[in-house]
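Listing of run.pdb, PDB, C-alpha atoms
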```pdb
ATOM      1  CA  MET A   1       0.000   0.000   0.000  1.00  0.00           C
ATOM      2  CA  ALA A   2       1.354   3.426  -0.943  1.00  0.00           C
ATOM      3  CA  PHE A   3       0.712   6.832   0.506  1.00  0.00           C
ATOM      4  CA  LYS A   4       1.304  10.362  -0.670  1.00  0.00           C
ATOM      5  CA  LEU A   5       2.852  13.041   1.493  1.00  0.00           C
ATOM      6  CA  GLY A   6       0.779  16.185   1.730  1.00  0.00           C
ATOM      7  CA  LYS A   7       2.054  19.722   1.580  1.00  0.00           C
ATOM      8  CA  GLU A   8       3.061  20.594   5.090  1.00  0.00           C
ATOM      9  CA  SER A   9       3.728  24.154   6.139  1.00  0.00           C
ATOM     10  CA  ARG A  10       5.622  24.537   9.383  1.00  0.00           C
ATOM     11  CA  LYS A  11       5.786  27.847  11.157  1.00  0.00           C
ATOM     12  CA  TYR A  12       9.131  29.350  12.121  1.00  0.00           C
ATOM     13  CA  ARG A  13       9.745  29.093  15.873  1.00  0.00           C
ATOM     14  CA  THR A  14      12.235  30.872  18.083  1.00  0.00           C
ATOM     15  CA  PRO A  15      14.618  28.842  20.246  1.00  0.00           C
ATOM     16  CA  ASP A  16      12.115  28.729  23.091  1.00  0.00           C
ATOM     17  CA  ASN A  17       9.456  27.401  20.701  1.00  0.00           C
ATOM     18  CA  THR A  18       7.414  30.564  20.193  1.00  0.00           C
ATOM     19  CA  GLN A  19       5.266  30.252  17.092  1.00  0.00           C
ATOM     20  CA  ILE A  20       5.925  33.037  14.558  1.00  0.00           C
ATOM     21  CA  ILE A  21       3.062  33.714  12.133  1.00  0.00           C
ATOM     22  CA  LYS A  22       3.430  36.054   9.164  1.00  0.00           C
ATOM     23  CA  LYS A  23       0.222  37.928   8.357  1.00  0.00           C
ATOM     24  CA  LYS A  24      -1.038  41.321   7.281  1.00  0.00           C
ATOM     25  CA  LEU A  25      -1.244  43.577  10.332  1.00  0.00           C
ATOM     26  CA  ASP A  26      -2.864  46.978  10.693  1.00  0.00           C
ATOM     27  CA  GLU A  27      -0.970  49.953   9.319  1.00  0.00           C
ATOM     28  CA  GLY A  28       1.978  50.955  11.504  1.00  0.00           C
ATOM     29  CA  ILE A  29       2.126  47.617  13.337  1.00  0.00           C
ATOM     30  CA  LEU A  30       5.208  45.517  12.645  1.00  0.00           C
ATOM     31  CA  ALA A  31       4.536  42.683  15.086  1.00  0.00           C
ATOM     32  CA  GLU A  32       2.266  41.611  17.955  1.00  0.00           C
ATOM     33  CA  ALA A  33       2.721  39.299  20.926  1.00  0.00           C
ATOM     34  CA  ASN A  34      -0.355  37.184  21.635  1.00  0.00           C
ATOM     35  CA  MET A  35      -1.666  35.798  24.905  1.00  0.00           C
ATOM     36  CA  ASP A  36      -1.441  32.266  23.456  1.00  0.00           C
ATOM     37  CA  GLY A  37       2.345  32.654  23.256  1.00  0.00           C
ATOM     38  CA  SER A  38       2.549  33.232  19.505  1.00  0.00           C
ATOM     39  CA  ILE A  39       3.878  36.272  17.664  1.00  0.00           C
ATOM     40  CA  TYR A  40       2.398  37.837  14.542  1.00  0.00           C
ATOM     41  CA  VAL A  41       4.828  39.586  12.194  1.00  0.00           C
ATOM     42  CA  ASP A  42       3.615  41.720   9.318  1.00  0.00           C
ATOM     43  CA  LYS A  43       4.093  39.806   6.089  1.00  0.00           C
ATOM     44  CA  SER A  44       5.783  42.820   4.473  1.00  0.00           C
ATOM     45  CA  ILE A  45       8.873  42.373   6.673  1.00  0.00           C
ATOM     46  CA  PRO A  46      11.485  40.067   5.128  1.00  0.00           C
ATOM     47  CA  LYS A  47      12.373  37.181   7.451  1.00  0.00           C
ATOM     48  CA  ASP A  48      16.122  37.718   7.123  1.00  0.00           C
ATOM     49  CA  SER A  49      16.015  41.497   7.689  1.00  0.00           C
ATOM     50  CA  ALA A  50      17.337  43.418  10.688  1.00  0.00           C
ATOM     51  CA  MET A  51      13.825  44.813  11.218  1.00  0.00           C
ATOM     52  CA  TYR A  52      12.392  41.292  11.501  1.00  0.00           C
ATOM     53  CA  LYS A  53      15.015  40.260  14.051  1.00  0.00           C
ATOM     54  CA  LYS A  54      14.438  43.429  16.080  1.00  0.00           C
ATOM     55  CA  ALA A  55      10.658  42.915  16.026  1.00  0.00           C
ATOM     56  CA  ILE A  56      11.030  39.296  17.183  1.00  0.00           C
ATOM     57  CA  LYS A  57      13.308  40.298  20.076  1.00  0.00           C
ATOM     58  CA  HIS A  58      10.807  42.987  21.115  1.00  0.00           C
ATOM     59  CA  GLU A  59       7.762  40.731  20.950  1.00  0.00           C
ATOM     60  CA  GLN A  60       9.594  37.794  22.532  1.00  0.00           C
ATOM     61  CA  LYS A  61      10.174  40.015  25.570  1.00  0.00           C
ATOM     62  CA  HIS A  62       6.406  40.572  25.751  1.00  0.00           C
ATOM     63  CA  ILE A  63       5.856  36.803  25.492  1.00  0.00           C
ATOM     64  CA  ASP A  64       8.318  36.325  28.361  1.00  0.00           C
ATOM     65  CA  GLN A  65       6.436  38.970  30.381  1.00  0.00           C
ATOM     66  CA  ILE A  66       3.168  37.146  29.747  1.00  0.00           C
ATOM     67  CA  LYS A  67       4.582  33.691  30.547  1.00  0.00           C
ATOM     68  CA  SER A  68       6.061  34.963  33.829  1.00  0.00           C
ATOM     69  CA  GLY A  69       2.728  36.483  34.892  1.00  0.00           C
ATOM     70  CA  LYS A  70       4.161  39.991  34.848  1.00  0.00           C
ATOM     71  CA  ALA A  71       1.890  41.082  31.986  1.00  0.00           C
ATOM     72  CA  ALA A  72      -1.453  40.175  30.428  1.00  0.00           C
ATOM     73  CA  TYR A  73      -3.968  41.844  28.180  1.00  0.00           C
ATOM     74  CA  ASP A  74      -7.385  41.538  26.615  1.00  0.00           C
ATOM     75  CA  ASP A  75      -9.440  43.828  24.414  1.00  0.00           C
ATOM     76  CA  ASN A  76     -10.251  46.194  27.298  1.00  0.00           C
ATOM     77  CA  THR A  77      -7.318  46.047  29.714  1.00  0.00           C
ATOM     78  CA  VAL A  78      -3.580  45.650  30.131  1.00  0.00           C
ATOM     79  CA  THR A  79      -2.379  44.139  33.389  1.00  0.00           C
ATOM     80  CA  TRP A  80       1.137  44.940  34.504  1.00  0.00           C
ATOM     81  CA  LYS A  81       2.496  43.578  37.777  1.00  0.00           C
ATOM     82  CA  ASN A  82      -1.062  42.889  39.018  1.00  0.00           C
ATOM     83  CA  ASN A  83      -2.256  46.437  38.241  1.00  0.00           C
ATOM     84  CA  VAL A  84      -5.058  46.660  35.682  1.00  0.00           C
ATOM     85  CA  HIS A  85      -5.005  49.542  33.174  1.00  0.00           C
ATOM     86  CA  ILE A  86      -7.870  50.469  30.867  1.00  0.00           C
ATOM     87  CA  ARG A  87      -7.284  49.919  27.160  1.00  0.00           C
ATOM     88  CA  LYS A  88      -9.466  51.730  24.635  1.00  0.00           C
ATOM     89  CA  ASP A  89      -9.220  52.860  21.016  1.00  0.00           C
ATOM     90  CA  GLY A  90      -5.513  52.058  20.736  1.00  0.00           C
ATOM     91  CA  LYS A  91      -4.627  53.793  23.997  1.00  0.00           C
ATOM     92  CA  ILE A  92      -3.798  52.654  27.528  1.00  0.00           C
ATOM     93  CA  PHE A  93      -4.596  54.609  30.697  1.00  0.00           C
ATOM     94  CA  TYR A  94      -1.455  54.385  32.846  1.00  0.00           C
ATOM     95  CA  LYS A  95      -0.626  56.562  35.871  1.00  0.00           C
ATOM     96  CA  ASN A  96      -3.465  59.031  35.185  1.00  0.00           C
ATOM     97  CA  LYS A  97      -2.511  59.588  31.558  1.00  0.00           C
ATOM     98  CA  TRP A  98      -3.531  58.062  28.205  1.00  0.00           C
ATOM     99  CA  TYR A  99      -0.668  56.601  26.157  1.00  0.00           C
ATOM    100  CA  GLU A 100      -0.706  55.200  22.643  1.00  0.00           C
ATOM    101  CA  GLU A 101      -0.259  51.425  22.628  1.00  0.00           C
ATOM    102  CA  GLY A 102       3.452  50.753  22.182  1.00  0.00           C
ATOM    103  CA  ASP A 103       4.496  54.075  23.728  1.00  0.00           C
ATOM    104  CA  LYS A 104       8.140  53.920  24.817  1.00  0.00           C
ATOM    105  CA  ASN A 105       7.222  55.384  28.231  1.00  0.00           C
ATOM    106  CA  LEU A 106       5.139  52.372  29.283  1.00  0.00           C
ATOM    107  CA  PRO A 107       7.201  50.090  31.548  1.00  0.00           C
ATOM    108  CA  TRP A 108       6.498  46.891  29.592  1.00  0.00           C
ATOM    109  CA  GLU A 109       7.588  48.666  26.411  1.00  0.00           C
ATOM    110  CA  LYS A 110      10.776  49.937  28.064  1.00  0.00           C
ATOM    111  CA  GLU A 111      11.758  46.334  28.800  1.00  0.00           C
ATOM    112  CA  ALA A 112      10.919  45.224  25.262  1.00  0.00           C
ATOM    113  CA  ILE A 113      12.856  48.107  23.702  1.00  0.00           C
ATOM    114  CA  LYS A 114      15.864  47.193  25.829  1.00  0.00           C
ATOM    115  CA  ALA A 115      15.561  43.567  24.642  1.00  0.00           C
ATOM    116  CA  GLU A 116      15.742  44.712  20.998  1.00  0.00           C
ATOM    117  CA  LYS A 117      19.338  45.799  21.557  1.00  0.00           C
ATOM    118  CA  GLN A 118      20.554  42.553  23.096  1.00  0.00           C
TER     119      GLN A 118
END
```
Just dump the structure as C-alpha cells.
Amino acid sequence: MAFKLGKESRKYRTPDNTQIIKKKLDEGILAEANMDGSIYVDKSIPKDSAMYKKAIKHEQKHIDQIKSGKAAYDDNTVTWKNNVHIRKDGKIFYKNKWYEEGDKNLPWEKEAIKAEKQ
C-alpha cells in the first residue's frame, strides 16, 4: 500500500518554541505578541532582515512577560504587575494619563525596547 505526502507548512519558531506567524497587520504595526504565546509579524517584513530580528526580540520580551505572569492583556485592559489599566481605542490609561499602545514610556515597552538591543 502506498501513501502520498501532503504539503506541510511549518511555522518558524524561536529557540524557546514561540510560534511566529506572518500575516497582514494593521498599518503601523510591525509585530504583535499574543496571549497564546505566539507572535504575529507583518508579512511585508522580510524574514532575514534586521527589522524582523528586532521585532522578534521585542515581541519575545512581551511573550516572556506574559509567561512569567508579569503582563497580560485583553481587548479592554492591560495588566502589569497585578495592576489593571484600561485599554481603549488604541490607547492605555497608565498613571493618570492616556498613552498610545506601544508608547516607549510604558514600563512593559521599556523592557521590550531594551531587549531589541541585546
Tell me which residues come within 12 Å of (-9.7, 50.6, 33.1), as a PDB file with C-alpha atoms, in the coordinates of the input, counting all atoms listed in the file in the file's coordinates.
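For reference, point-v8.pdb as written:
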```pdb
ATOM      1  CA  TYR A  73      -3.968  41.844  28.180  1.00  0.00           C
ATOM      2  CA  ASP A  74      -7.385  41.538  26.615  1.00  0.00           C
ATOM      3  CA  ASP A  75      -9.440  43.828  24.414  1.00  0.00           C
ATOM      4  CA  ASN A  76     -10.251  46.194  27.298  1.00  0.00           C
ATOM      5  CA  THR A  77      -7.318  46.047  29.714  1.00  0.00           C
ATOM      6  CA  VAL A  78      -3.580  45.650  30.131  1.00  0.00           C
ATOM      7  CA  THR A  79      -2.379  44.139  33.389  1.00  0.00           C
ATOM      8  CA  ASN A  83      -2.256  46.437  38.241  1.00  0.00           C
ATOM      9  CA  VAL A  84      -5.058  46.660  35.682  1.00  0.00           C
ATOM     10  CA  HIS A  85      -5.005  49.542  33.174  1.00  0.00           C
ATOM     11  CA  ILE A  86      -7.870  50.469  30.867  1.00  0.00           C
ATOM     12  CA  ARG A  87      -7.284  49.919  27.160  1.00  0.00           C
ATOM     13  CA  LYS A  88      -9.466  51.730  24.635  1.00  0.00           C
ATOM     14  CA  LYS A  91      -4.627  53.793  23.997  1.00  0.00           C
ATOM     15  CA  ILE A  92      -3.798  52.654  27.528  1.00  0.00           C
ATOM     16  CA  PHE A  93      -4.596  54.609  30.697  1.00  0.00           C
ATOM     17  CA  TYR A  94      -1.455  54.385  32.846  1.00  0.00           C
ATOM     18  CA  LYS A  95      -0.626  56.562  35.871  1.00  0.00           C
ATOM     19  CA  ASN A  96      -3.465  59.031  35.185  1.00  0.00           C
ATOM     20  CA  LYS A  97      -2.511  59.588  31.558  1.00  0.00           C
ATOM     21  CA  TRP A  98      -3.531  58.062  28.205  1.00  0.00           C
TER      22      TRP A  98
END
```
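Look at stretch 21-31 of chain A: the protein and nucleic acid residues within 8 Å of it, using all atoms listed in the file and passing over chain neighbours fewer than 5 places away, are Lys11, Tyr12, Ser38, Ile39, Tyr40, Val41, Asp42, Lys43, Ser44, Ile45, Ala55, Ile56 and Glu59 of chain A.
Atom pair atom CA of A:Gln19 / atom CA of A:Tyr99: separated by 28.5 Å.
Distance-wise, atom CA of A:Asn82 and atom CA of A:Lys117 end up 27.0 Å apart.
We find atom CA of A:Ala71 and atom CA of A:Trp108 to be spaced 7.8 Å apart.
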ask   = Counting only C-alpha atoms, which of A:Lys104, A:Lys81, A:Lys47, A:Lys110 gets nearest to A:Ile66?
value =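 Of A:Lys104, A:Lys81, A:Lys47, A:Lys110, the one nearest A:Ile66, counting only C-alpha atoms, is A:Lys81.
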Check what the PyMOL selection byres ((chain A and resi 116) around 12) selects in the file above and give those residues as a PDB file with C-alpha atoms, keeping the file's coordinate frame.
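That gives us out_22.pdb:
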```pdb
ATOM      1  CA  ALA A  50      17.337  43.418  10.688  1.00  0.00           C
ATOM      2  CA  MET A  51      13.825  44.813  11.218  1.00  0.00           C
ATOM      3  CA  TYR A  52      12.392  41.292  11.501  1.00  0.00           C
ATOM      4  CA  LYS A  53      15.015  40.260  14.051  1.00  0.00           C
ATOM      5  CA  LYS A  54      14.438  43.429  16.080  1.00  0.00           C
ATOM      6  CA  ALA A  55      10.658  42.915  16.026  1.00  0.00           C
ATOM      7  CA  ILE A  56      11.030  39.296  17.183  1.00  0.00           C
ATOM      8  CA  LYS A  57      13.308  40.298  20.076  1.00  0.00           C
ATOM      9  CA  HIS A  58      10.807  42.987  21.115  1.00  0.00           C
ATOM     10  CA  GLU A  59       7.762  40.731  20.950  1.00  0.00           C
ATOM     11  CA  GLN A  60       9.594  37.794  22.532  1.00  0.00           C
ATOM     12  CA  LYS A  61      10.174  40.015  25.570  1.00  0.00           C
ATOM     13  CA  HIS A  62       6.406  40.572  25.751  1.00  0.00           C
ATOM     14  CA  GLU A 109       7.588  48.666  26.411  1.00  0.00           C
ATOM     15  CA  LYS A 110      10.776  49.937  28.064  1.00  0.00           C
ATOM     16  CA  GLU A 111      11.758  46.334  28.800  1.00  0.00           C
ATOM     17  CA  ALA A 112      10.919  45.224  25.262  1.00  0.00           C
ATOM     18  CA  ILE A 113      12.856  48.107  23.702  1.00  0.00           C
ATOM     19  CA  LYS A 114      15.864  47.193  25.829  1.00  0.00           C
ATOM     20  CA  ALA A 115      15.561  43.567  24.642  1.00  0.00           C
ATOM     21  CA  LYS A 117      19.338  45.799  21.557  1.00  0.00           C
ATOM     22  CA  GLN A 118      20.554  42.553  23.096  1.00  0.00           C
TER      23      GLN A 118
END
```
query = Nearest to A:Asp64: which of A:Gly37, A:Pro46, A:Gly102, A:Gly90 is it, counting all atoms listed in the file?
reply =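 Nearest to A:Asp64: A:Gly37.
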Since the input lacks some atoms of stretch 30-53 of chain A, please model N, CA, C and O atoms and print them as a short mmCIF file (atom, residue, chain, number, x, y, z; two decimals), in the frame of the given file.
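Wrote it out as out32.cif, contents follow:
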```cif
data_model
loop_
_atom_site.label_atom_id
_atom_site.label_comp_id
_atom_site.auth_asym_id
_atom_site.auth_seq_id
_atom_site.Cartn_x
_atom_site.Cartn_y
_atom_site.Cartn_z
N LEU A 30 4.24 46.44 13.22
CA LEU A 30 5.21 45.52 12.64
C LEU A 30 5.03 44.10 13.17
O LEU A 30 5.21 43.13 12.44
N ALA A 31 4.68 44.00 14.47
CA ALA A 31 4.54 42.68 15.09
C ALA A 31 3.67 42.80 16.33
O ALA A 31 3.50 43.90 16.87
N GLU A 32 3.13 41.66 16.76
CA GLU A 32 2.27 41.61 17.95
C GLU A 32 2.55 40.33 18.73
O GLU A 32 2.66 39.25 18.14
N ALA A 33 2.64 40.47 20.05
CA ALA A 33 2.72 39.30 20.93
C ALA A 33 1.30 38.94 21.33
O ALA A 33 0.49 39.82 21.63
N ASN A 34 0.99 37.65 21.33
CA ASN A 34 -0.36 37.18 21.64
C ASN A 34 -0.38 36.42 22.96
O ASN A 34 0.60 35.79 23.34
N MET A 35 -1.51 36.48 23.62
CA MET A 35 -1.67 35.80 24.90
C MET A 35 -1.47 34.29 24.79
O MET A 35 -1.12 33.64 25.78
N ASP A 36 -1.65 33.71 23.62
CA ASP A 36 -1.44 32.27 23.46
C ASP A 36 0.03 31.89 23.30
O ASP A 36 0.38 30.73 23.11
N GLY A 37 0.91 32.90 23.36
CA GLY A 37 2.35 32.65 23.26
C GLY A 37 2.91 32.75 21.85
O GLY A 37 4.10 32.57 21.64
N SER A 38 2.08 33.08 20.88
CA SER A 38 2.55 33.23 19.50
C SER A 38 2.85 34.70 19.21
O SER A 38 2.46 35.59 19.97
N ILE A 39 3.56 34.92 18.12
CA ILE A 39 3.88 36.27 17.66
C ILE A 39 3.43 36.41 16.21
O ILE A 39 3.72 35.55 15.38
N TYR A 40 2.72 37.49 15.92
CA TYR A 40 2.40 37.84 14.54
C TYR A 40 3.45 38.83 14.06
O TYR A 40 3.79 39.76 14.79
N VAL A 41 3.92 38.64 12.83
CA VAL A 41 4.83 39.59 12.19
C VAL A 41 4.20 39.97 10.87
O VAL A 41 3.72 39.11 10.13
N ASP A 42 4.21 41.27 10.58
CA ASP A 42 3.62 41.72 9.32
C ASP A 42 4.33 41.05 8.14
O ASP A 42 5.56 40.97 8.11
N LYS A 43 3.53 40.57 7.20
CA LYS A 43 4.09 39.81 6.09
C LYS A 43 4.96 40.64 5.15
O LYS A 43 5.69 40.10 4.34
N SER A 44 4.94 41.97 5.31
CA SER A 44 5.78 42.82 4.47
C SER A 44 7.24 42.85 4.94
O SER A 44 8.11 43.32 4.22
N ILE A 45 7.52 42.33 6.13
CA ILE A 45 8.87 42.37 6.67
C ILE A 45 9.62 41.10 6.26
O ILE A 45 9.22 39.99 6.63
N PRO A 46 10.71 41.25 5.53
CA PRO A 46 11.48 40.07 5.13
C PRO A 46 12.06 39.33 6.35
O PRO A 46 12.59 39.95 7.26
N LYS A 47 11.96 38.01 6.32
CA LYS A 47 12.37 37.18 7.45
C LYS A 47 13.85 37.35 7.81
O LYS A 47 14.22 37.26 8.97
N ASP A 48 14.69 37.61 6.85
CA ASP A 48 16.12 37.72 7.12
C ASP A 48 16.58 39.16 7.36
O ASP A 48 17.77 39.43 7.45
N SER A 49 15.65 40.09 7.51
CA SER A 49 16.02 41.50 7.69
C SER A 49 16.31 41.84 9.15
O SER A 49 15.87 41.16 10.08
N ALA A 50 17.04 42.92 9.34
CA ALA A 50 17.34 43.42 10.69
C ALA A 50 16.04 43.84 11.39
O ALA A 50 15.90 43.63 12.60
N MET A 51 15.10 44.39 10.63
CA MET A 51 13.82 44.81 11.22
C MET A 51 13.06 43.62 11.78
O MET A 51 12.46 43.69 12.85
N TYR A 52 13.07 42.51 11.05
CA TYR A 52 12.39 41.29 11.50
C TYR A 52 13.01 40.81 12.81
O TYR A 52 12.30 40.51 13.77
N LYS A 53 14.32 40.73 12.85
CA LYS A 53 15.02 40.26 14.05
C LYS A 53 14.74 41.17 15.25
O LYS A 53 14.51 40.69 16.36
#
```
